file model35.cif (mmCIF, C-alpha atoms)
data_final
loop_
_atom_site.label_atom_id
_atom_site.label_comp_id
_atom_site.auth_asym_id
_atom_site.auth_seq_id
_atom_site.Cartn_x
_atom_site.Cartn_y
_atom_site.Cartn_z
CA MET C 25 102.92 114.90 102.27
CA PHE C 26 100.09 112.51 103.06
CA ILE C 27 100.92 108.96 102.01
CA VAL C 28 98.69 105.91 101.86
CA MET C 29 100.43 102.53 101.89
CA VAL C 30 98.23 99.56 101.07
CA GLN C 31 98.95 95.84 100.79
CA PHE C 32 96.42 93.47 99.26
CA ASN C 33 96.08 89.73 99.01
CA VAL C 34 94.03 89.09 95.88
CA LYS C 35 92.20 85.91 94.93
CA ALA C 36 94.48 83.89 92.68
CA ASP C 37 92.07 83.77 89.74
CA LYS C 38 91.26 87.48 90.02
CA VAL C 39 94.70 89.11 89.93
CA ASP C 40 94.56 90.30 86.31
CA GLU C 41 91.08 91.72 86.84
CA PHE C 42 92.20 93.48 90.01
CA LEU C 43 95.26 95.01 88.34
CA GLU C 44 93.31 96.34 85.38
CA ALA C 45 90.87 98.05 87.72
CA ALA C 46 93.74 99.40 89.83
CA LYS C 47 95.49 100.89 86.80
CA GLY C 48 92.31 102.74 85.91
CA ASP C 49 92.18 104.27 89.38
CA GLY C 50 95.89 105.08 89.37
CA ARG C 51 95.77 106.69 85.95
CA GLY C 52 92.74 108.75 86.87
CA SER C 53 94.28 109.85 90.16
CA VAL C 54 97.67 111.03 88.89
CA THR C 55 96.44 112.58 85.65
CA HIS C 56 93.24 114.24 86.88
CA GLU C 57 93.69 115.03 90.58
CA TYR C 58 95.72 118.14 91.29
CA GLY C 59 96.62 116.94 94.80
CA CYS C 60 97.77 113.41 93.83
CA HIS C 61 101.47 113.03 93.01
CA ARG C 62 101.88 109.25 92.87
CA PHE C 63 99.76 106.16 92.58
CA ASP C 64 102.27 103.32 92.25
CA ILE C 65 101.09 99.73 91.83
CA ILE C 66 103.56 96.96 92.71
CA GLN C 67 103.24 93.19 92.31
CA ASP C 68 105.29 90.76 94.38
CA SER C 69 107.68 88.70 92.25
CA THR C 70 107.36 85.45 94.20
CA ASP C 71 103.68 85.71 95.17
CA PRO C 72 101.78 87.50 92.38
CA ASN C 73 98.62 87.55 94.52
CA ARG C 74 100.26 90.20 96.74
CA ILE C 75 99.81 93.74 95.46
CA GLY C 76 101.04 97.02 96.97
CA PHE C 77 99.90 100.60 96.43
CA THR C 78 101.91 103.71 97.29
CA GLU C 79 99.76 106.82 97.00
CA VAL C 80 101.13 110.31 97.66
CA TYR C 81 98.91 113.36 98.14
CA ASP C 82 99.46 116.97 99.11
CA SER C 83 97.36 116.46 102.23
CA GLU C 84 94.69 114.33 103.86
CA GLU C 85 92.12 116.70 102.35
CA ALA C 86 93.45 115.86 98.87
CA PHE C 87 93.11 112.16 99.69
CA ASN C 88 89.54 112.70 100.84
CA VAL C 89 88.81 114.41 97.51
CA HIS C 90 90.33 111.35 95.78
CA THR C 91 87.75 109.07 97.42
CA THR C 92 84.92 111.11 95.91
CA GLN C 93 86.15 110.79 92.31
CA GLU C 94 84.33 108.65 89.77
CA HIS C 95 87.43 106.61 88.90
CA PHE C 96 87.84 105.70 92.58
CA LYS C 97 84.20 104.63 92.82
CA VAL C 98 84.53 102.51 89.66
CA TRP C 99 87.64 100.84 91.10
CA ALA C 100 86.10 100.22 94.53
CA ASP C 101 83.03 98.62 92.98
CA ALA C 102 85.10 96.50 90.58
CA VAL C 103 87.39 94.99 93.24
CA LYS C 104 85.08 94.64 96.25
CA ASP C 105 84.81 90.85 95.80
CA LEU C 106 88.37 90.24 94.57
CA HIS C 107 90.22 90.53 97.92
CA ASP C 108 91.44 87.47 99.78
CA GLY C 109 91.02 88.91 103.27
CA SER C 110 91.14 92.53 104.36
CA PRO C 111 93.87 94.80 102.95
CA LYS C 112 96.44 96.43 105.20
CA VAL C 113 96.04 100.22 104.99
CA SER C 114 98.37 102.73 106.67
CA LYS C 115 98.01 106.51 106.51
CA CYS C 116 101.46 108.00 106.80
CA ARG C 117 103.63 111.09 106.82
CA ASN C 118 107.02 111.29 105.16
CA ALA C 119 109.94 110.97 107.58
CA PHE C 120 112.41 111.05 104.64
CA PRO C 121 112.66 112.81 102.26
CA ASN C 122 111.00 116.11 103.09
CA ASP C 123 108.30 117.81 101.04
CA TYR C 124 110.84 119.49 98.76
CA ALA C 125 111.96 116.23 97.15
CA ALA C 126 110.78 115.32 93.64
CA TRP C 127 107.45 113.67 94.47
CA PRO C 128 105.39 113.94 91.24
CA ALA C 129 105.43 110.81 89.07
CA ALA C 130 103.86 112.10 85.86
CA ILE C 131 106.04 113.54 83.10
CA SER C 132 104.40 115.82 80.55
CA GLY C 133 103.79 114.16 77.20
CA ARG C 134 104.38 110.58 78.35
CA ASP C 135 101.73 107.99 77.68
CA GLU C 136 101.57 104.20 77.81
CA SER C 137 102.24 103.46 74.15
CA PHE C 138 105.55 102.02 75.34
CA PHE C 139 105.39 100.15 78.61
CA SER C 140 108.10 98.39 80.53
CA GLY C 141 107.80 97.31 84.13
CA SER C 142 111.34 96.31 85.06
CA LEU C 143 112.03 98.24 88.27
CA HIS C 144 112.77 96.45 91.54
CA ILE C 145 110.69 97.81 94.41
CA ILE C 146 110.57 97.19 98.17
CA HIS C 147 107.27 97.91 99.95
CA ALA C 148 107.78 97.02 103.60
CA ALA C 149 106.09 97.72 106.94
CA LEU C 150 108.40 97.70 109.97
CA PRO C 151 107.14 97.33 113.58
CA VAL C 152 109.54 99.30 115.78
CA LEU C 153 109.86 99.45 119.57
CA ALA C 154 108.10 102.60 120.78
CA ASP C 155 111.16 103.96 122.59
CA LYS C 156 113.39 103.38 119.54
CA VAL C 157 111.31 105.03 116.82
CA ASP C 158 113.29 108.28 116.67
CA ASP C 159 116.61 106.42 116.71
CA PHE C 160 115.35 104.09 113.99
CA ILE C 161 114.32 107.03 111.79
CA GLU C 162 117.75 108.61 112.27
CA ALA C 163 119.55 105.38 111.32
CA ALA C 164 117.28 104.72 108.33
CA THR C 165 117.76 108.29 107.12
CA LEU C 166 121.53 107.79 107.04
CA ASP C 167 121.00 104.61 104.99
CA ALA C 168 118.63 106.49 102.68
CA LEU C 169 121.15 109.30 102.14
CA GLY C 170 123.85 106.80 101.27
CA SER C 171 121.52 105.01 98.88
CA VAL C 172 120.23 107.96 96.86
CA HIS C 173 123.58 109.79 96.77
CA GLN C 174 126.03 106.93 96.26
CA GLU C 175 124.10 104.32 94.28
CA PRO C 176 123.30 105.19 90.65
CA GLY C 177 120.73 102.37 90.57
CA CYS C 178 118.71 103.66 93.55
CA HIS C 179 115.89 105.96 92.44
CA ARG C 180 114.02 106.29 95.73
CA PHE C 181 114.62 105.45 99.35
CA ASP C 182 111.61 106.80 101.21
CA LEU C 183 110.80 106.35 104.89
CA TYR C 184 107.21 106.85 106.06
CA GLN C 185 105.65 106.87 109.53
CA ASN C 186 102.11 105.72 110.27
CA ILE C 187 100.20 108.72 111.60
CA GLU C 188 97.79 106.64 113.67
CA ASN C 189 100.45 104.18 114.89
CA PRO C 190 103.82 106.00 115.04
CA SER C 191 105.67 102.78 115.91
CA GLU C 192 104.96 101.46 112.43
CA LEU C 193 107.44 102.67 109.82
CA TRP C 194 107.48 101.91 106.10
CA LEU C 195 110.37 101.55 103.69
CA TYR C 196 109.61 102.30 100.05
CA GLU C 197 112.67 101.69 97.89
CA VAL C 198 112.88 101.81 94.09
CA TYR C 199 115.86 100.42 92.16
CA ALA C 200 116.61 100.34 88.45
CA ASN C 201 116.57 96.54 88.50
CA ALA C 202 117.22 93.56 90.75
CA GLU C 203 120.97 93.85 90.21
CA ALA C 204 120.93 97.42 91.55
CA PHE C 205 119.20 96.16 94.69
CA GLU C 206 121.79 93.43 95.13
CA TYR C 207 124.49 96.11 94.85
CA HIS C 208 122.64 98.09 97.55
CA ARG C 209 122.66 95.07 99.86
CA GLN C 210 126.49 95.01 99.80
CA THR C 211 127.05 98.69 100.61
CA PRO C 212 128.63 99.83 103.90
CA HIS C 213 125.70 102.10 104.73
CA ILE C 214 123.08 99.32 104.66
CA LYS C 215 125.33 97.03 106.68
CA LYS C 216 125.77 99.75 109.29
CA TRP C 217 121.98 100.35 109.35
CA ALA C 218 121.15 96.65 109.70
CA GLU C 219 123.61 96.25 112.59
CA THR C 220 122.34 99.41 114.30
CA VAL C 221 118.61 98.55 114.22
CA LYS C 222 118.70 94.75 114.57
CA ASP C 223 117.35 94.80 118.16
CA TRP C 224 114.84 97.62 117.67
CA TYR C 225 112.01 95.66 116.04
CA ASP C 226 108.83 95.03 117.99
CA GLY C 227 108.26 91.40 117.11
CA GLU C 228 108.44 89.70 113.75
CA ARG C 229 108.36 91.74 110.56
CA ALA C 230 105.66 90.80 108.07
CA PRO C 231 107.05 89.77 104.67
CA ALA C 232 107.68 92.77 102.44
CA ILE C 233 106.30 93.04 98.95
CA ARG C 234 109.34 92.77 96.69
CA GLY C 235 108.53 93.07 93.05
CA THR C 236 108.10 95.26 90.04
CA ASN C 237 105.95 98.13 88.85
CA ILE C 238 102.63 97.28 87.25
CA TRP C 239 101.84 100.97 86.88
CA PRO C 240 103.06 103.58 86.05
CA PRO C 241 105.59 102.63 83.36
CA ASP C 242 109.36 102.88 83.72
CA ASP C 243 109.52 106.10 81.71
CA TRP C 244 107.55 108.10 84.30
CA ASN C 245 109.43 109.85 87.08
CA TRP C 246 110.58 107.27 89.61
CA SER C 247 113.33 109.39 91.20
CA THR C 248 113.08 111.67 94.22
CA GLY C 249 116.34 113.23 93.13
CA LYS C 250 119.13 113.48 95.69
CA PRO C 251 117.42 114.94 98.76
CA THR C 252 119.53 115.85 101.78
CA ALA C 253 116.68 115.95 104.27
#
call {"tool": "encode", "arguments": {"input": "model35.cif", "output": "structure tokens"}}
result
Amino acid sequence: MFIVMVQFNVKADKVDEFLEAAKGDGRGSVTHEYGCHRFDIIQDSTDPNRIGFTEVYDSEEAFNVHTTQEHFKVWADAVKDLHDGSPKVSKCRNAFPNDYAAWPAAISGRDESFFSGSLHIIHAALPVLADKVDDFIEAATLDALGSVHQEPGCHRFDLYQNIENPSELWLYEVYANAEAFEYHRQTPHIKKWAETVKDWYDGERAPAIRGTNIWPPDDWNWSTGKPTA
């Protein structure tokens, strides 16, 4: 898979305008682009000016097609003056799960007549020491397996690696609600992971986006299933 992780800081008085434009692009991407499986839009719960995108495509070629679509052009034009600084953009591959997981978000027949955004989502970039990247991926994969197989409230625990900067890893975790995430934080597998990797970070970690889904709604597919690799 080809994954694009983006974090925006949006001007405080332009957040609603930005999100409406983003939903138009997300909706157009997932429903009209054969090669686009996800276009998730997340808003930080404590700082609503921080917005995250998780976009999943079959390939880089499918992403390049995405950037030629009319809905992308409409979005890009609408938001060009709404950013507060430059967005962080990382082009990634999936380290976990593999391509055979349940990646598509759309479910046939679902629309937005009923909308609820109540999921709890972690969207975090991790700077890792270059000589510890493989070990970090191995440790995070064990945490991911424990999460998706042992926690009923964990829908996704994805690990991505920046293609252009392999020392940058991303965690993308989706929980049924904040309580499910708090349960996750008490599990033996996360405690083992945290202890294992505590000295493997390359400097300070930037604050993660921790918030809820702005789009798509809760009743789309937010689960990768129970992948084993």
call {"tool": "closest_residue", "arguments": {"input": "model35.cif", "among": "C:Val54, C:Ala46, C:Ala130, C:Ala125", "to": "Trp99 of chain C", "atoms": "only C-alpha atoms"}}
result
C:Ala46
call {"tool": "closest_residue", "arguments": {"input": "model35.cif", "among": "C:Pro111, C:Gly249, C:Pro241, C:Gly177", "to": "Glu206 of chain C", "atoms": "only C-alpha atoms"}}
result
C:Gly177
call {"tool": "residues_around", "arguments": {"input": "model35.cif", "residues": "Thr220 of chain C", "least_positions_apart": "5", "cutoff": "10 Å", "atoms": "only C-alpha atoms", "output": "MDAnalysis selection string"}}
result
chainID C and resid 159:160 163:164 214:215
call {"tool": "closest_residue", "arguments": {"input": "model35.cif", "among": "C:Gly141, C:Lys156, C:Ala149, C:Tyr196", "to": "Asp242 of chain C", "atoms": "only C-alpha atoms"}}
result
C:Gly141
call {"tool": "resolve_selection", "arguments": {"input": "model35.cif", "expression": "the PyMOL selection byres ((chain C and resi 236) around 12)", "output": "PDB file with C-alpha atoms, in the coordinates of the input"}}
result
ATOM      1  CA  ASP C  64     102.270 103.320  92.250  1.00  0.00           C
ATOM      2  CA  ILE C  65     101.090  99.730  91.830  1.00  0.00           C
ATOM      3  CA  ILE C  66     103.560  96.960  92.710  1.00  0.00           C
ATOM      4  CA  GLN C  67     103.240  93.190  92.310  1.00  0.00           C
ATOM      5  CA  ASP C  68     105.290  90.760  94.380  1.00  0.00           C
ATOM      6  CA  SER C  69     107.680  88.700  92.250  1.00  0.00           C
ATOM      7  CA  THR C  70     107.360  85.450  94.200  1.00  0.00           C
ATOM      8  CA  ASP C  71     103.680  85.710  95.170  1.00  0.00           C
ATOM      9  CA  PRO C  72     101.780  87.500  92.380  1.00  0.00           C
ATOM     10  CA  ARG C  74     100.260  90.200  96.740  1.00  0.00           C
ATOM     11  CA  ILE C  75      99.810  93.740  95.460  1.00  0.00           C
ATOM     12  CA  GLY C  76     101.040  97.020  96.970  1.00  0.00           C
ATOM     13  CA  PHE C  77      99.900 100.600  96.430  1.00  0.00           C
ATOM     14  CA  SER C 140     108.100  98.390  80.530  1.00  0.00           C
ATOM     15  CA  GLY C 141     107.800  97.310  84.130  1.00  0.00           C
ATOM     16  CA  SER C 142     111.340  96.310  85.060  1.00  0.00           C
ATOM     17  CA  LEU C 143     112.030  98.240  88.270  1.00  0.00           C
ATOM     18  CA  HIS C 144     112.770  96.450  91.540  1.00  0.00           C
ATOM     19  CA  ILE C 145     110.690  97.810  94.410  1.00  0.00           C
ATOM     20  CA  ILE C 146     110.570  97.190  98.170  1.00  0.00           C
ATOM     21  CA  HIS C 147     107.270  97.910  99.950  1.00  0.00           C
ATOM     22  CA  GLU C 197     112.670 101.690  97.890  1.00  0.00           C
ATOM     23  CA  VAL C 198     112.880 101.810  94.090  1.00  0.00           C
ATOM     24  CA  TYR C 199     115.860 100.420  92.160  1.00  0.00           C
ATOM     25  CA  ALA C 200     116.610 100.340  88.450  1.00  0.00           C
ATOM     26  CA  ASN C 201     116.570  96.540  88.500  1.00  0.00           C
ATOM     27  CA  ALA C 202     117.220  93.560  90.750  1.00  0.00           C
ATOM     28  CA  ILE C 233     106.300  93.040  98.950  1.00  0.00           C
ATOM     29  CA  ARG C 234     109.340  92.770  96.690  1.00  0.00           C
ATOM     30  CA  GLY C 235     108.530  93.070  93.050  1.00  0.00           C
ATOM     31  CA  ASN C 237     105.950  98.130  88.850  1.00  0.00           C
ATOM     32  CA  ILE C 238     102.630  97.280  87.250  1.00  0.00           C
ATOM     33  CA  TRP C 239     101.840 100.970  86.880  1.00  0.00           C
ATOM     34  CA  PRO C 240     103.060 103.580  86.050  1.00  0.00           C
ATOM     35  CA  PRO C 241     105.590 102.630  83.360  1.00  0.00           C
ATOM     36  CA  ASP C 242     109.360 102.880  83.720  1.00  0.00           C
TER      37      ASP C 242
END
call {"tool": "resolve_selection", "arguments": {"input": "model35.cif", "expression": "the PyMOL selection byres ((chain C and resi 113) around 9)", "output": "MDAnalysis selection string"}}
result
chainID C and resid 28:32 111:112 114:115
call {"tool": "closest_residue", "arguments": {"input": "model35.cif", "among": "C:Leu106, C:Met25, C:Cys116, C:Val34", "to": "Ser83 of chain C", "atoms": "all atoms listed in the file"}}
result
C:Met25
call {"tool": "closest_residue", "arguments": {"input": "model35.cif", "among": "C:Ser247, C:Ser191, C:Ser110, C:Gln210", "to": "Pro176 of chain C", "atoms": "all atoms listed in the file"}}
result
C:Ser247
call {"tool": "closest_residue", "arguments": {"input": "model35.cif", "among": "C:Ser132, C:Thr55, C:Asn73, C:Thr211", "to": "Phe42 of chain C", "atoms": "only C-alpha atoms"}}
result
C:Asn73
call {"tool": "closest_atom_pairs", "arguments": {"input": "model35.cif", "of": "segment 85-168 of chain C", "to": "segment 221-225 of chain C", "cutoff": "6 Å", "atoms": "all atoms listed in the file", "output": "CSV"}}
result
residue,atom,partner,partner_atom,distance
C:Pro151,CA,C:Tyr225,CA,5.7
C:Val152,CA,C:Tyr225,CA,4.4
C:Leu153,CA,C:Tyr225,CA,5.6
call {"tool": "residues_around", "arguments": {"input": "model35.cif", "residues": "Gly170 of chain C", "least_positions_apart": "3", "cutoff": "10 Å", "atoms": "only C-alpha atoms", "output": "PyMOL selection string"}}
result
chain C and resi 164-167+173-175+178+181+208+211-214+250
call {"tool": "residues_around", "arguments": {"input": "model35.cif", "residues": "Trp194 of chain C", "least_positions_apart": "4", "cutoff": "6 Å", "atoms": "all atoms listed in the file", "output": "list of chain:residue names"}}
result
C:Ala148, C:Ala149, C:Leu150, C:Leu183, C:Tyr184
call {"tool": "atom_distance", "arguments": {"input": "model35.cif", "atom1": "atom CA of Tyr81 of chain C", "atom2": "atom CA of Phe205 of chain C"}}
result
26.8 Å
call {"tool": "axis_aligned_box", "arguments": {"input": "model35.cif", "around": "segment 144-149 of chain C", "padding_each_side": "4 Å", "output": "AutoDock Vina command-line options"}}
result
--center_x 109.4 --center_y 97.2 --center_z 99.2 --size_x 14.7 --size_y 9.5 --size_z 23.4
call {"tool": "atom_distance", "arguments": {"input": "model35.cif", "atom1": "atom CA of Thr252 of chain C", "atom2": "atom CA of Pro231 of chain C"}}
result
29.1 Å
call {"tool": "atom_distance", "arguments": {"input": "model35.cif", "atom1": "atom CA of Asn33 of chain C", "atom2": "atom CA of Asp108 of chain C"}}
result
5.2 Å
call {"tool": "resolve_selection", "arguments": {"input": "model35.cif", "expression": "the PyMOL selection byres ((chain C and resi 53) around 10)", "output": "VMD selection string"}}
result
chain C and resid 47 to 52 54 to 63 79 81 87 90 to 91 93 95 to 96
call {"tool": "decode", "arguments": {"input": "model35.cif", "residues": "segment 221-250 of chain C", "atoms": "C-alpha atoms", "output": "PDB file, in the first residue's frame"}}
result
ATOM      1  CA  VAL C 221      11.598   1.125  22.817  1.00  0.00           C
ATOM      2  CA  LYS C 222      12.040   3.880  25.421  1.00  0.00           C
ATOM      3  CA  ASP C 223      15.684   4.547  24.452  1.00  0.00           C
ATOM      4  CA  TRP C 224      15.244   4.143  20.687  1.00  0.00           C
ATOM      5  CA  TYR C 225      13.813   7.566  19.857  1.00  0.00           C
ATOM      6  CA  ASP C 226      15.930  10.050  17.938  1.00  0.00           C
ATOM      7  CA  GLY C 227      15.180  13.183  19.914  1.00  0.00           C
ATOM      8  CA  GLU C 228      11.862  14.503  21.121  1.00  0.00           C
ATOM      9  CA  ARG C 229       8.624  13.208  19.640  1.00  0.00           C
ATOM     10  CA  ALA C 230       6.290  15.832  18.210  1.00  0.00           C
ATOM     11  CA  PRO C 231       2.858  15.854  19.872  1.00  0.00           C
ATOM     12  CA  ALA C 232       0.523  13.315  18.290  1.00  0.00           C
ATOM     13  CA  ILE C 233      -2.903  14.214  17.024  1.00  0.00           C
ATOM     14  CA  ARG C 234      -5.304  12.519  19.420  1.00  0.00           C
ATOM     15  CA  GLY C 235      -8.903  13.025  18.549  1.00  0.00           C
ATOM     16  CA  THR C 236     -11.945  11.831  16.712  1.00  0.00           C
ATOM     17  CA  ASN C 237     -13.107  11.183  13.173  1.00  0.00           C
ATOM     18  CA  ILE C 238     -14.514  14.110  11.243  1.00  0.00           C
ATOM     19  CA  TRP C 239     -14.943  11.903   8.177  1.00  0.00           C
ATOM     20  CA  PRO C 240     -15.904   9.192   7.332  1.00  0.00           C
ATOM     21  CA  PRO C 241     -18.689   8.362   9.810  1.00  0.00           C
ATOM     22  CA  ASP C 242     -18.522   5.651  12.458  1.00  0.00           C
ATOM     23  CA  ASP C 243     -20.622   3.246  10.392  1.00  0.00           C
ATOM     24  CA  TRP C 244     -17.993   2.931   7.644  1.00  0.00           C
ATOM     25  CA  ASN C 245     -15.354   0.228   7.925  1.00  0.00           C
ATOM     26  CA  TRP C 246     -12.812   1.253  10.553  1.00  0.00           C
ATOM     27  CA  SER C 247     -11.423  -2.238  11.217  1.00  0.00           C
ATOM     28  CA  THR C 248      -8.455  -3.922   9.575  1.00  0.00           C
ATOM     29  CA  GLY C 249      -9.746  -7.202  10.944  1.00  0.00           C
ATOM     30  CA  LYS C 250      -7.328  -9.372  12.903  1.00  0.00           C
TER      31      LYS C 250
END
